[in-house]
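K.L.:
Following this line is upload.tsv, made up of TSV, C-alpha atoms:
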```tsv
chain	number	residue	atom	x	y	z
I	1	MET	CA	-26.53	-19.93	35.93
I	2	ASP	CA	-26.35	-22.46	33.18
I	3	ALA	CA	-26.16	-20.06	30.29
I	4	ILE	CA	-24.51	-16.81	29.43
I	5	CYS	CA	-26.44	-14.26	27.48
I	6	PRO	CA	-23.94	-12.15	25.58
I	7	GLY	CA	-26.68	-10.22	23.93
I	8	SER	CA	-27.68	-8.67	27.23
I	9	GLN	CA	-24.22	-7.36	28.03
I	10	PRO	CA	-24.14	-3.61	28.73
I	11	THR	CA	-21.81	-2.99	25.77
I	12	MET	CA	-24.69	-3.81	23.48
I	13	SER	CA	-26.88	-1.06	24.81
I	14	ALA	CA	-28.22	1.66	22.61
I	15	GLY	CA	-26.39	4.15	24.81
I	16	ALA	CA	-23.07	2.62	23.92
I	17	GLN	CA	-23.94	2.77	20.26
I	18	ALA	CA	-25.03	6.35	20.52
I	19	SER	CA	-21.86	7.39	22.30
I	20	MET	CA	-19.71	5.85	19.68
I	21	ASP	CA	-18.07	8.52	17.64
I	22	ILE	CA	-18.58	6.84	14.34
I	23	ALA	CA	-16.23	9.05	12.35
I	24	ALA	CA	-13.36	8.62	14.80
I	25	ARG	CA	-13.98	4.92	15.20
I	26	THR	CA	-14.22	4.15	11.50
I	27	ALA	CA	-11.13	6.28	10.86
I	28	GLY	CA	-9.37	4.24	13.54
I	29	MET	CA	-10.47	1.03	11.88
I	30	ALA	CA	-9.17	2.28	8.54
I	31	ARG	CA	-5.82	2.91	10.22
I	32	GLY	CA	-5.82	-0.61	11.66
I	33	ASP	CA	-6.43	0.40	15.30
I	34	GLU	CA	-7.27	-2.81	17.18
I	35	ASP	CA	-9.21	-1.04	19.94
I	36	ALA	CA	-11.47	0.49	17.31
I	37	TYR	CA	-12.13	-3.02	15.98
I	38	ARG	CA	-12.87	-4.35	19.47
I	39	LEU	CA	-15.48	-1.64	20.01
I	40	PHE	CA	-16.90	-2.21	16.55
I	41	HIS	CA	-17.20	-5.90	17.37
I	42	GLU	CA	-18.99	-5.20	20.63
I	43	VAL	CA	-21.47	-2.87	19.02
I	44	TYR	CA	-22.13	-4.53	15.70
I	45	PHE	CA	-21.49	-8.25	16.11
I	46	HIS	CA	-24.94	-9.22	17.36
I	47	ARG	CA	-26.69	-6.61	15.28
I	48	LEU	CA	-25.10	-7.94	12.09
I	49	LEU	CA	-25.83	-11.50	13.10
I	50	ARG	CA	-29.50	-10.66	13.63
I	51	TYR	CA	-29.57	-8.99	10.26
I	52	LEU	CA	-28.01	-12.02	8.61
I	53	LEU	CA	-30.39	-14.38	10.34
I	54	VAL	CA	-33.23	-12.53	8.66
I	55	VAL	CA	-31.47	-12.32	5.28
I	56	THR	CA	-30.51	-16.01	5.26
I	57	GLY	CA	-34.00	-16.99	6.21
I	58	GLY	CA	-33.14	-18.19	9.69
I	59	ARG	CA	-30.24	-20.45	8.67
I	60	GLU	CA	-27.93	-20.15	11.65
I	61	ASP	CA	-24.90	-21.83	10.08
I	62	ALA	CA	-25.10	-19.75	6.92
I	63	ALA	CA	-25.56	-16.57	8.95
I	64	ARG	CA	-22.49	-17.34	11.07
I	65	GLU	CA	-20.36	-18.21	8.06
I	66	VAL	CA	-21.39	-15.10	6.15
I	67	LEU	CA	-20.82	-12.96	9.23
I	68	GLN	CA	-17.26	-14.22	9.33
I	69	LEU	CA	-16.74	-13.33	5.65
I	70	ALA	CA	-18.38	-9.95	6.11
I	71	LEU	CA	-16.10	-9.06	9.01
I	72	LEU	CA	-13.04	-9.90	6.93
I	73	ARG	CA	-14.39	-7.65	4.18
I	74	VAL	CA	-14.84	-4.90	6.72
I	75	VAL	CA	-11.13	-5.18	7.54
I	76	ARG	CA	-10.22	-5.03	3.86
I	77	HIS	CA	-12.48	-2.18	2.76
I	78	VAL	CA	-13.35	-0.06	5.79
I	79	ARG	CA	-13.03	3.71	5.45
I	80	LYS	CA	-14.13	6.72	7.44
I	81	PHE	CA	-17.91	7.16	7.75
I	82	GLU	CA	-19.51	10.35	8.92
I	83	SER	CA	-22.81	8.91	10.10
I	84	GLU	CA	-23.97	5.74	11.76
I	85	ASP	CA	-26.69	5.25	9.16
I	86	ALA	CA	-24.18	5.34	6.32
I	87	PHE	CA	-21.91	2.92	8.16
I	88	TRP	CA	-24.73	0.50	8.93
I	89	GLY	CA	-25.93	0.69	5.32
I	90	TRP	CA	-22.42	-0.15	4.15
I	91	LEU	CA	-22.16	-3.04	6.61
I	92	THR	CA	-25.42	-4.57	5.42
I	93	LEU	CA	-24.25	-4.17	1.82
I	94	LEU	CA	-21.05	-6.02	2.65
I	95	ALA	CA	-23.01	-8.70	4.46
I	96	ARG	CA	-25.38	-9.20	1.52
I	97	SER	CA	-22.54	-9.36	-1.02
I	98	ALA	CA	-20.72	-11.86	1.20
I	99	LEU	CA	-23.89	-13.92	1.31
I	100	VAL	CA	-24.27	-13.84	-2.48
I	101	ASP	CA	-20.65	-14.95	-2.93
I	102	GLU	CA	-21.02	-17.69	-0.37
I	103	GLU	CA	-24.16	-19.04	-1.99
I	104	ARG	CA	-22.50	-18.87	-5.40
I	105	LYS	CA	-19.65	-20.95	-4.05
I	106	ARG	CA	-22.08	-23.55	-2.91
I	107	HIS	CA	-23.40	-23.94	-6.47
I	108	ARG	CA	-26.80	-22.87	-5.42
I	109	TYR	CA	-26.53	-19.54	-7.07
I	110	PHE	CA	-29.56	-19.63	-9.26
I	111	ALA	CA	-31.77	-21.14	-6.62
I	112	PHE	CA	-30.46	-18.55	-4.27
I	113	LEU	CA	-31.08	-15.72	-6.72
I	114	ASP	CA	-34.72	-16.68	-6.87
I	115	ARG	CA	-35.00	-16.54	-3.14
I	116	PHE	CA	-32.83	-13.46	-2.99
I	117	PHE	CA	-34.98	-11.42	-5.33
I	118	GLN	CA	-38.18	-12.70	-3.80
I	119	ARG	CA	-36.91	-11.37	-0.54
I	120	GLU	CA	-35.32	-8.28	-2.00
I	121	GLN	CA	-38.20	-6.15	-0.93
I	122	ILE	CA	-37.83	-7.33	2.65
I	123	GLU	CA	-34.09	-6.73	2.52
I	124	THR	CA	-34.17	-3.24	1.13
I	125	ALA	CA	-36.86	-2.31	3.58
I	126	SER	CA	-35.13	-4.06	6.43
I	127	ASP	CA	-31.71	-2.47	6.24
I	128	SER	CA	-32.80	-0.49	9.24
I	129	ASP	CA	-35.92	-2.49	10.05
I	130	THR	CA	-34.51	-5.97	10.50
I	131	ASP	CA	-35.06	-5.74	14.22
I	132	GLU	CA	-38.63	-4.62	13.58
I	133	ARG	CA	-39.29	-7.77	11.60
I	134	LEU	CA	-37.63	-9.88	14.28
I	135	ASN	CA	-39.69	-8.12	16.92
I	136	GLU	CA	-42.86	-9.01	15.08
I	137	LEU	CA	-41.80	-12.65	15.00
I	138	LEU	CA	-40.76	-12.50	18.64
I	139	GLN	CA	-44.12	-11.05	19.59
I	140	HIS	CA	-45.90	-13.72	17.60
I	141	ASN	CA	-43.90	-16.49	19.31
I	142	LEU	CA	-44.34	-14.94	22.72
I	143	GLU	CA	-48.07	-15.05	22.29
I	144	SER	CA	-47.93	-18.71	21.42
I	145	LEU	CA	-46.10	-19.58	24.67
I	146	PRO	CA	-47.95	-21.23	27.53
I	147	TRP	CA	-49.22	-18.74	30.10
I	148	ASP	CA	-46.65	-19.53	32.84
I	149	GLU	CA	-43.71	-19.21	30.44
I	150	ARG	CA	-45.01	-15.98	29.02
I	151	GLU	CA	-45.45	-14.63	32.55
I	152	LEU	CA	-41.89	-15.52	33.46
I	153	ILE	CA	-40.58	-13.70	30.39
I	154	LYS	CA	-42.72	-10.66	31.16
I	155	ARG	CA	-41.46	-10.47	34.74
I	156	LYS	CA	-37.81	-10.89	33.72
I	157	TYR	CA	-37.69	-8.69	30.61
I	158	PHE	CA	-40.62	-6.30	30.70
I	159	ALA	CA	-41.09	-5.74	34.43
I	160	ARG	CA	-37.31	-6.07	34.87
I	161	GLU	CA	-37.61	-8.15	38.03
I	162	SER	CA	-34.46	-9.87	39.25
I	163	VAL	CA	-34.12	-13.63	38.99
I	164	LYS	CA	-33.62	-13.72	42.75
I	165	GLY	CA	-36.89	-11.84	43.31
I	166	ILE	CA	-38.84	-14.06	40.93
I	167	ALA	CA	-37.39	-17.19	42.53
I	168	ALA	CA	-38.32	-15.96	46.03
I	169	ASP	CA	-41.82	-15.08	44.86
I	170	VAL	CA	-42.41	-18.41	43.14
I	171	GLY	CA	-40.73	-20.35	45.94
I	172	THR	CA	-37.96	-21.96	43.91
I	173	THR	CA	-34.25	-21.52	43.32
I	174	GLU	CA	-32.56	-18.97	41.10
I	175	LYS	CA	-30.97	-21.80	39.16
I	176	SER	CA	-34.35	-23.23	38.38
I	177	ILE	CA	-35.59	-19.87	37.10
I	178	GLU	CA	-32.47	-19.44	34.97
I	179	SER	CA	-32.96	-22.91	33.49
I	180	GLN	CA	-36.55	-22.12	32.62
I	181	LEU	CA	-35.50	-18.85	31.01
I	182	VAL	CA	-32.85	-20.61	28.89
I	183	ARG	CA	-35.40	-23.19	27.76
I	184	ILE	CA	-37.96	-20.52	26.86
I	185	ARG	CA	-35.40	-18.43	24.96
I	186	ARG	CA	-34.36	-21.48	22.95
I	187	LYS	CA	-37.99	-22.18	22.17
I	188	LEU	CA	-38.47	-18.61	21.02
I	189	LYS	CA	-35.30	-18.70	18.90
I	190	THR	CA	-36.34	-21.95	17.24
I	191	GLY	CA	-39.77	-20.55	16.50
I	192	ILE	CA	-38.40	-17.28	15.07
I	193	LEU	CA	-35.80	-18.98	12.85
I	194	ALA	CA	-38.36	-21.51	11.63
I	195	GLN	CA	-40.71	-18.74	10.62
I	196	LEU	CA	-37.93	-16.87	8.86
I	197	ASN	CA	-37.10	-20.07	7.03
I	198	ASP	CA	-40.73	-20.56	6.05
I	199	GLU	CA	-40.89	-17.05	4.65
I	200	SER	CA	-37.96	-17.77	2.35
K	1	MET	CA	-48.22	-5.56	22.13
K	2	LYS	CA	-44.84	-4.66	23.57
K	3	THR	CA	-42.85	-1.88	22.02
K	4	GLU	CA	-39.68	-2.57	20.09
K	5	SER	CA	-37.45	-1.15	22.82
K	6	GLU	CA	-39.09	-3.33	25.46
K	7	ASN	CA	-38.50	-6.39	23.30
K	8	SER	CA	-34.93	-5.55	22.36
K	9	ALA	CA	-33.27	-7.01	25.46
K	10	LEU	CA	-35.26	-10.19	25.09
K	11	LEU	CA	-34.57	-10.36	21.36
K	12	GLU	CA	-30.87	-9.91	21.95
K	13	ASP	CA	-30.82	-12.69	24.53
K	14	VAL	CA	-32.87	-15.00	22.33
K	15	LEU	CA	-30.74	-14.56	19.23
K	16	ALA	CA	-27.46	-14.38	21.15
K	17	GLU	CA	-27.79	-18.12	21.46
K	18	ALA	CA	-27.32	-18.31	17.69
K	19	ALA	CA	-23.76	-17.15	18.35
K	20	PRO	CA	-22.11	-19.00	21.20
K	21	THR	CA	-19.58	-17.06	23.22
K	22	ASP	CA	-16.65	-19.07	21.88
K	23	PHE	CA	-17.76	-18.35	18.31
K	24	GLU	CA	-17.94	-14.65	19.04
K	25	ARG	CA	-14.49	-14.78	20.64
K	26	ALA	CA	-13.04	-16.75	17.73
K	27	LEU	CA	-14.48	-14.31	15.24
K	28	LEU	CA	-13.00	-11.35	17.09
K	29	ASP	CA	-9.61	-13.06	17.17
K	30	GLY	CA	-9.86	-13.80	13.44
K	31	THR	CA	-10.78	-10.21	12.72
K	32	LEU	CA	-7.85	-8.88	14.75
K	33	ARG	CA	-5.49	-11.28	13.00
K	34	ALA	CA	-6.72	-9.96	9.66
K	35	VAL	CA	-6.22	-6.40	10.91
K	36	ARG	CA	-2.61	-7.16	11.87
K	37	ARG	CA	-1.96	-8.90	8.56
K	38	ARG	CA	-3.35	-5.95	6.67
K	39	ARG	CA	-1.25	-3.55	8.71
K	40	ARG	CA	1.88	-5.54	7.88
K	41	MET	CA	0.97	-5.61	4.20
K	42	ARG	CA	0.36	-1.88	4.19
K	43	ARG	CA	3.75	-1.32	5.79
K	44	TRP	CA	5.36	-3.48	3.14
K	45	ASN	CA	3.63	-1.67	0.33
K	46	ARG	CA	4.31	1.78	1.70
K	47	GLY	CA	5.50	3.92	-1.15
K	48	PRO	CA	7.36	3.10	-4.30
K	49	ALA	CA	10.57	3.98	-2.48
K	50	ALA	CA	10.50	0.70	-0.63
K	51	ALA	CA	10.02	-1.14	-3.89
K	52	GLY	CA	12.81	0.87	-5.48
K	53	VAL	CA	15.18	0.12	-2.62
K	54	PHE	CA	14.21	-3.52	-2.70
K	55	ALA	CA	14.83	-3.70	-6.45
K	56	LEU	CA	18.19	-2.01	-6.00
K	57	ILE	CA	19.18	-4.44	-3.28
K	58	ALA	CA	18.05	-7.33	-5.43
K	59	ILE	CA	20.12	-6.14	-8.39
K	60	VAL	CA	23.21	-5.58	-6.24
K	61	ALA	CA	22.78	-8.95	-4.58
K	62	TRP	CA	22.37	-10.59	-7.97
K	63	ARG	CA	25.57	-9.07	-9.26
K	64	VAL	CA	27.51	-9.91	-6.12
K	65	LEU	CA	26.30	-13.47	-5.84
K	66	TRP	CA	26.37	-14.42	-9.51
K	67	PRO	CA	29.08	-12.30	-11.19
K	68	ALA	CA	30.40	-15.25	-13.24
K	69	ALA	CA	27.04	-15.87	-14.75
K	70	SER	CA	26.85	-12.41	-16.25
K	71	VAL	CA	30.47	-12.67	-17.59
K	72	LYS	CA	29.77	-16.00	-19.17
K	73	THR	CA	26.89	-14.62	-21.10
K	74	VAL	CA	29.06	-11.97	-22.83
K	75	ARG	CA	32.20	-14.10	-23.43
K	76	PRO	CA	32.75	-14.71	-27.20
K	77	THR	CA	33.18	-18.17	-28.55
K	78	LEU	CA	36.74	-19.59	-28.39
K	79	ARG	CA	38.98	-19.06	-31.52
K	80	ILE	CA	42.00	-21.32	-32.10
K	81	VAL	CA	44.98	-19.71	-33.80
K	82	SER	CA	47.72	-22.04	-35.15
K	83	THR	CA	51.27	-20.75	-35.86
K	84	GLN	CA	54.11	-22.12	-38.06
K	85	PRO	CA	57.91	-21.40	-38.28
K	86	LEU	CA	58.91	-18.39	-40.43
K	87	PRO	CA	60.94	-19.22	-43.65
K	88	ALA	CA	64.68	-18.41	-43.40
K	89	SER	CA	64.46	-15.98	-46.34
K	90	MET	CA	62.21	-13.72	-44.33
K	91	ILE	CA	64.57	-13.47	-41.39
K	92	VAL	CA	66.87	-10.40	-41.19
K	93	GLU	CA	69.97	-10.92	-39.03
K	94	THR	CA	72.62	-8.45	-37.86
K	95	ARG	CA	76.31	-9.21	-37.30
K	96	PRO	CA	78.84	-7.42	-35.03
K	97	GLY	CA	81.51	-5.34	-36.92
K	98	SER	CA	79.40	-4.65	-39.96
K	99	VAL	CA	78.77	-1.03	-38.92
K	100	ALA	CA	81.63	1.59	-38.77
K	101	VAL	CA	81.64	3.44	-35.49
K	102	VAL	CA	82.90	7.03	-35.47
K	103	ALA	CA	84.10	8.21	-32.12
K	104	SER	CA	84.59	11.91	-31.39
K	105	SER	CA	86.80	13.52	-28.82
K	106	LEU	CA	87.17	16.98	-27.34
K	107	LYS	CA	90.29	17.68	-29.43
K	108	THR	CA	88.55	17.23	-32.80
K	109	PHE	CA	86.44	20.37	-32.62
K	110	LEU	CA	86.83	23.99	-31.63
K	111	LEU	CA	84.29	25.70	-29.56
K	112	VAL	CA	83.72	29.33	-30.66
K	113	GLU	CA	81.78	31.55	-28.37
K	114	THR	CA	80.18	34.85	-29.44
K	115	GLY	CA	79.81	37.68	-27.08
K	116	SER	CA	76.42	38.92	-26.27
K	117	ILE	CA	75.57	41.93	-28.44
K	118	LYS	CA	73.67	44.58	-26.56
K	119	ASP	CA	71.16	46.49	-28.62
K	120	PRO	CA	72.24	45.29	-32.15
K	121	PHE	CA	69.95	47.70	-33.92
K	122	GLN	CA	70.09	51.44	-33.82
K	123	GLU	CA	67.07	53.55	-34.43
K	124	ILE	CA	67.57	56.61	-36.69
K	125	ASN	CA	65.44	59.67	-37.20
K	126	ASP	CA	64.16	61.18	-40.46
K	127	GLU	CA	67.18	63.46	-40.99
K	128	GLN	CA	69.62	60.59	-40.54
K	129	LEU	CA	67.58	58.53	-42.97
K	130	LEU	CA	67.61	61.29	-45.58
K	131	ALA	CA	71.34	61.71	-44.99
K	132	LEU	CA	71.87	58.05	-45.89
K	133	ALA	CA	70.44	58.83	-49.37
K	134	GLY	CA	73.66	60.67	-50.06
K	135	GLY	CA	72.15	63.61	-51.88
K	136	ARG	CA	69.94	61.62	-54.20
K	137	PRO	CA	66.44	62.93	-54.75
K	138	VAL	CA	64.21	61.22	-52.26
K	139	ALA	CA	60.98	62.01	-50.51
K	140	LEU	CA	59.69	60.81	-47.16
K	141	VAL	CA	55.93	60.36	-47.27
K	142	ARG	CA	54.08	59.96	-43.93
K	143	GLN	CA	51.07	57.70	-44.22
K	144	GLY	CA	50.16	57.65	-40.54
K	145	PRO	CA	51.51	58.52	-37.09
K	146	HIS	CA	53.88	55.53	-37.08
K	147	GLN	CA	54.10	54.71	-40.75
K	148	ALA	CA	56.23	56.39	-43.43
K	149	GLU	CA	57.53	55.50	-46.88
K	150	LEU	CA	60.83	56.54	-48.46
K	151	LEU	CA	60.37	57.26	-52.17
K	152	PHE	CA	63.30	57.50	-54.66
K	153	LEU	CA	62.45	60.04	-57.24
K	154	ASN	CA	64.85	58.44	-59.76
K	155	PRO	CA	63.49	54.99	-60.55
K	156	GLU	CA	67.07	53.68	-61.15
K	157	ASP	CA	67.91	54.42	-57.52
K	158	THR	CA	65.39	51.83	-56.36
K	159	ASN	CA	67.80	49.11	-57.61
K	160	GLY	CA	70.59	50.45	-55.47
K	161	PHE	CA	73.33	53.04	-55.75
K	162	PRO	CA	76.92	53.34	-54.56
K	163	VAL	CA	77.40	54.88	-51.21
K	164	GLN	CA	80.11	57.55	-51.10
```
Take the structure from the file and write it as structure tokens.
P.N.:
Amino acid sequence: MDAICPGSQPTMSAGAQASMDIAARTAGMARGDEDAYRLFHEVYFHRLLRYLLVVTGGREDAAREVLQLALLRVVRHVRKFESEDAFWGWLTLLARSALVDEERKRHRYFAFLDRFFQREQIETASDSDTDERLNELLQHNLESLPWDERELIKRKYFARESVKGIAADVGTTEKSIESQLVRIRRKLKTGILAQLNDES
Amino acid sequence: MKTESENSALLEDVLAEAAPTDFERALLDGTLRAVRRRRRMRRWNRGPAAAGVFALIAIVAWRVLWPAASVKTVRPTLRIVSTQPLPASMIVETRPGSVAVVASSLKTFLLVETGSIKDPFQEINDEQLLALAGGRPVALVRQGPHQAELLFLNPEDTNGFPVQ
């Protein structure tokens, strides 16, 4: 294996999110319970990053920096939330305000405002639909892959075949399959972020 | 077209590369540090009692450590008083032998002792009182249960009369 895919860890599953007692967890966070923060991080880190990648127009560095600021704001302002939707809405609000402040600091406020309001419609619609937009872009980029790469992705992610099985079937090593998968994922990521950037 | 749920694992893996594992770890550590800092701050700020106690300690410490400073601030400015010798005319002196001393002794006086008189007054009744009038016209007028007045019917008798 030459790459680790944190996004595919079981803690990120929808089941884990669903089982999270949001009221208890957010109350724990408000009290300063570190375990509550660890679980929050597991569940929301990648989700928030994906959201910010869309909001920043695919700028990875900006998304990472704003994510850091947003998490610090979570620590400062978190309170008890009764529903996951309300909590996620609050998180995206924090993330957007952190982004506005960060852009303001970079003296690109007015230029940013233009882009911000142009994209406002996407943002307000994408509070819960960010993944939908990313899925559209993913689908678009998948279709533009060469046939063999697209087939490999389909077998690994859609047919849920094991890397070992694919390698045995193709007559190559697991390491080779993993390397190909890493390369294809990077290609997809580059394509998605570039398209997000173009949209902004 | 794949459904959103079918794509989600792939999407997560694709975009996970935007956040390397060490970045994710560092961010978690930073968040936990902020949580601890906030907890400490909250403990510090817990209730006005802590602030009150702190202020009290500060005041006591101030007074203990810098007592002179507070005294100096209230000390009045220095006043110089000069004195000079008193003139001789204003000095009163005494001399031995200028005052006559009278000495007394036990033989110069006589000590007279009086005996203790038991019941010096005698209470009399109405008849005895009327008898003291010695036959002069008098009247005893009662004004209350314990109050009476002796009236002399001859006005001259009020100035006194010889007792026989």
K.L.:
Using all atoms listed in the file, I'd like a table of the residues in chain K that come within 10 Å of chain I; for each, show the closest atom pair and its distance in Å rounded to one decimal, ordered by chain and ascending number, as CSV.
P.N.:
```
residue,atom,partner,partner_atom,distance
K:Met1,CA,I:Gln139,CA,7.3
K:Lys2,CA,I:Gln139,CA,7.6
K:Thr3,CA,I:Asn135,CA,8.7
K:Glu4,CA,I:Asn135,CA,6.4
K:Ser5,CA,I:Asn135,CA,9.4
K:Glu6,CA,I:Phe158,CA,6.2
K:Asn7,CA,I:Asn135,CA,6.7
K:Ser8,CA,I:Asn135,CA,7.7
K:Ala9,CA,I:Ser8,CA,6.1
K:Leu10,CA,I:Tyr157,CA,6.2
K:Leu11,CA,I:Leu138,CA,7.1
K:Glu12,CA,I:Gly7,CA,4.6
K:Asp13,CA,I:Gly7,CA,4.9
K:Val14,CA,I:Arg185,CA,5.0
K:Leu15,CA,I:Lys189,CA,6.2
K:Ala16,CA,I:Gly7,CA,5.1
K:Glu17,CA,I:Cys5,CA,7.3
K:Ala18,CA,I:Glu60,CA,6.3
K:Ala19,CA,I:Arg64,CA,7.4
K:Pro20,CA,I:Pro6,CA,8.3
K:Thr21,CA,I:Pro6,CA,7.0
K:Phe23,CA,I:Arg64,CA,8.7
K:Glu24,CA,I:Phe45,CA,7.9
K:Arg25,CA,I:His41,CA,9.8
K:Ala26,CA,I:Gln68,CA,9.7
K:Leu27,CA,I:Gln68,CA,6.5
K:Leu28,CA,I:His41,CA,6.9
K:Asp29,CA,I:Arg38,CA,9.6
K:Gly30,CA,I:Leu72,CA,8.2
K:Thr31,CA,I:Leu72,CA,6.2
K:Leu32,CA,I:Glu34,CA,6.6
K:Arg33,CA,I:Glu34,CA,9.6
K:Ala34,CA,I:Val75,CA,6.8
K:Val35,CA,I:Gly32,CA,5.9
K:Arg36,CA,I:Gly32,CA,7.3
K:Arg37,CA,I:Gly32,CA,9.7
K:Arg38,CA,I:Arg76,CA,7.5
K:Arg39,CA,I:Gly32,CA,6.2
K:Arg40,CA,I:Gly32,CA,9.9
K:Arg42,CA,I:Gly32,CA,9.8
```
K.L.:
Create the file for the chosen residues now, containing C-alpha atoms and written as an mmCIF file, keeping the file's coordinate frame.
P.N.:
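Contents of selection_23.cif, freshly written:
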```
data_model
loop_
_atom_site.group_PDB
_atom_site.id
_atom_site.type_symbol
_atom_site.label_atom_id
_atom_site.label_comp_id
_atom_site.auth_asym_id
_atom_site.auth_seq_id
_atom_site.Cartn_x
_atom_site.Cartn_y
_atom_site.Cartn_z
ATOM 1 C CA MET K 1 -48.220 -5.560 22.130
ATOM 2 C CA LYS K 2 -44.840 -4.660 23.570
ATOM 3 C CA THR K 3 -42.850 -1.880 22.020
ATOM 4 C CA GLU K 4 -39.680 -2.570 20.090
ATOM 5 C CA SER K 5 -37.450 -1.150 22.820
ATOM 6 C CA GLU K 6 -39.090 -3.330 25.460
ATOM 7 C CA ASN K 7 -38.500 -6.390 23.300
ATOM 8 C CA SER K 8 -34.930 -5.550 22.360
ATOM 9 C CA ALA K 9 -33.270 -7.010 25.460
ATOM 10 C CA LEU K 10 -35.260 -10.190 25.090
ATOM 11 C CA LEU K 11 -34.570 -10.360 21.360
ATOM 12 C CA GLU K 12 -30.870 -9.910 21.950
ATOM 13 C CA ASP K 13 -30.820 -12.690 24.530
ATOM 14 C CA VAL K 14 -32.870 -15.000 22.330
ATOM 15 C CA LEU K 15 -30.740 -14.560 19.230
ATOM 16 C CA ALA K 16 -27.460 -14.380 21.150
ATOM 17 C CA GLU K 17 -27.790 -18.120 21.460
ATOM 18 C CA ALA K 18 -27.320 -18.310 17.690
ATOM 19 C CA ALA K 19 -23.760 -17.150 18.350
ATOM 20 C CA PRO K 20 -22.110 -19.000 21.200
ATOM 21 C CA THR K 21 -19.580 -17.060 23.220
ATOM 22 C CA PHE K 23 -17.760 -18.350 18.310
ATOM 23 C CA GLU K 24 -17.940 -14.650 19.040
ATOM 24 C CA ARG K 25 -14.490 -14.780 20.640
ATOM 25 C CA ALA K 26 -13.040 -16.750 17.730
ATOM 26 C CA LEU K 27 -14.480 -14.310 15.240
ATOM 27 C CA LEU K 28 -13.000 -11.350 17.090
ATOM 28 C CA ASP K 29 -9.610 -13.060 17.170
ATOM 29 C CA GLY K 30 -9.860 -13.800 13.440
ATOM 30 C CA THR K 31 -10.780 -10.210 12.720
ATOM 31 C CA LEU K 32 -7.850 -8.880 14.750
ATOM 32 C CA ARG K 33 -5.490 -11.280 13.000
ATOM 33 C CA ALA K 34 -6.720 -9.960 9.660
ATOM 34 C CA VAL K 35 -6.220 -6.400 10.910
ATOM 35 C CA ARG K 36 -2.610 -7.160 11.870
ATOM 36 C CA ARG K 37 -1.960 -8.900 8.560
ATOM 37 C CA ARG K 38 -3.350 -5.950 6.670
ATOM 38 C CA ARG K 39 -1.250 -3.550 8.710
ATOM 39 C CA ARG K 40 1.880 -5.540 7.880
ATOM 40 C CA ARG K 42 0.360 -1.880 4.190
#
```
K.L.:
Can you tell me how far CA of Val163 (chain K) sits from CA of Gly134 (chain K), in Å to one decimal?
P.N.:
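Rounded to one decimal, the two atoms are 7.0 Å apart.
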K.L.:
Which residues come within 10 Å of region 122-130 of chain K, counting all atoms listed in the file, excluding same-chain residues fewer than 5 positions away, as a PyMOL selection string?
P.N.:
chain K and resi 135-140+148+150
K.L.:
From the options I:Val66, I:Ala168, I:Gly57, I:Ile22, which residue's atoms come nearest to Lys105 (chain I), counting only C-alpha atoms?
P.N.:
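Comparing I:Val66, I:Ala168, I:Gly57, I:Ile22 against Lys105 (chain I), the winner is I:Val66.
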K.L.:
With 4 Å added on each side, what axis-aligned box encloses every listed atom of region 79-87 of chain K? Give the centre and edge lengths in Å to one decimal, as JSON.
P.N.:
```
{"center_x": 50.0, "center_y": -20.3, "center_z": -37.6, "size_x": 30.0, "size_y": 11.7, "size_z": 20.1}
```
K.L.:
Could you check which residues have any atom within 12 Å of (-31.6, -14.5, 52.0), counting only C-alpha atoms with coordinates taken straight from the file, and then list them as a ChimeraX atom specification?
P.N.:
/I:164-165,167-168,173-174
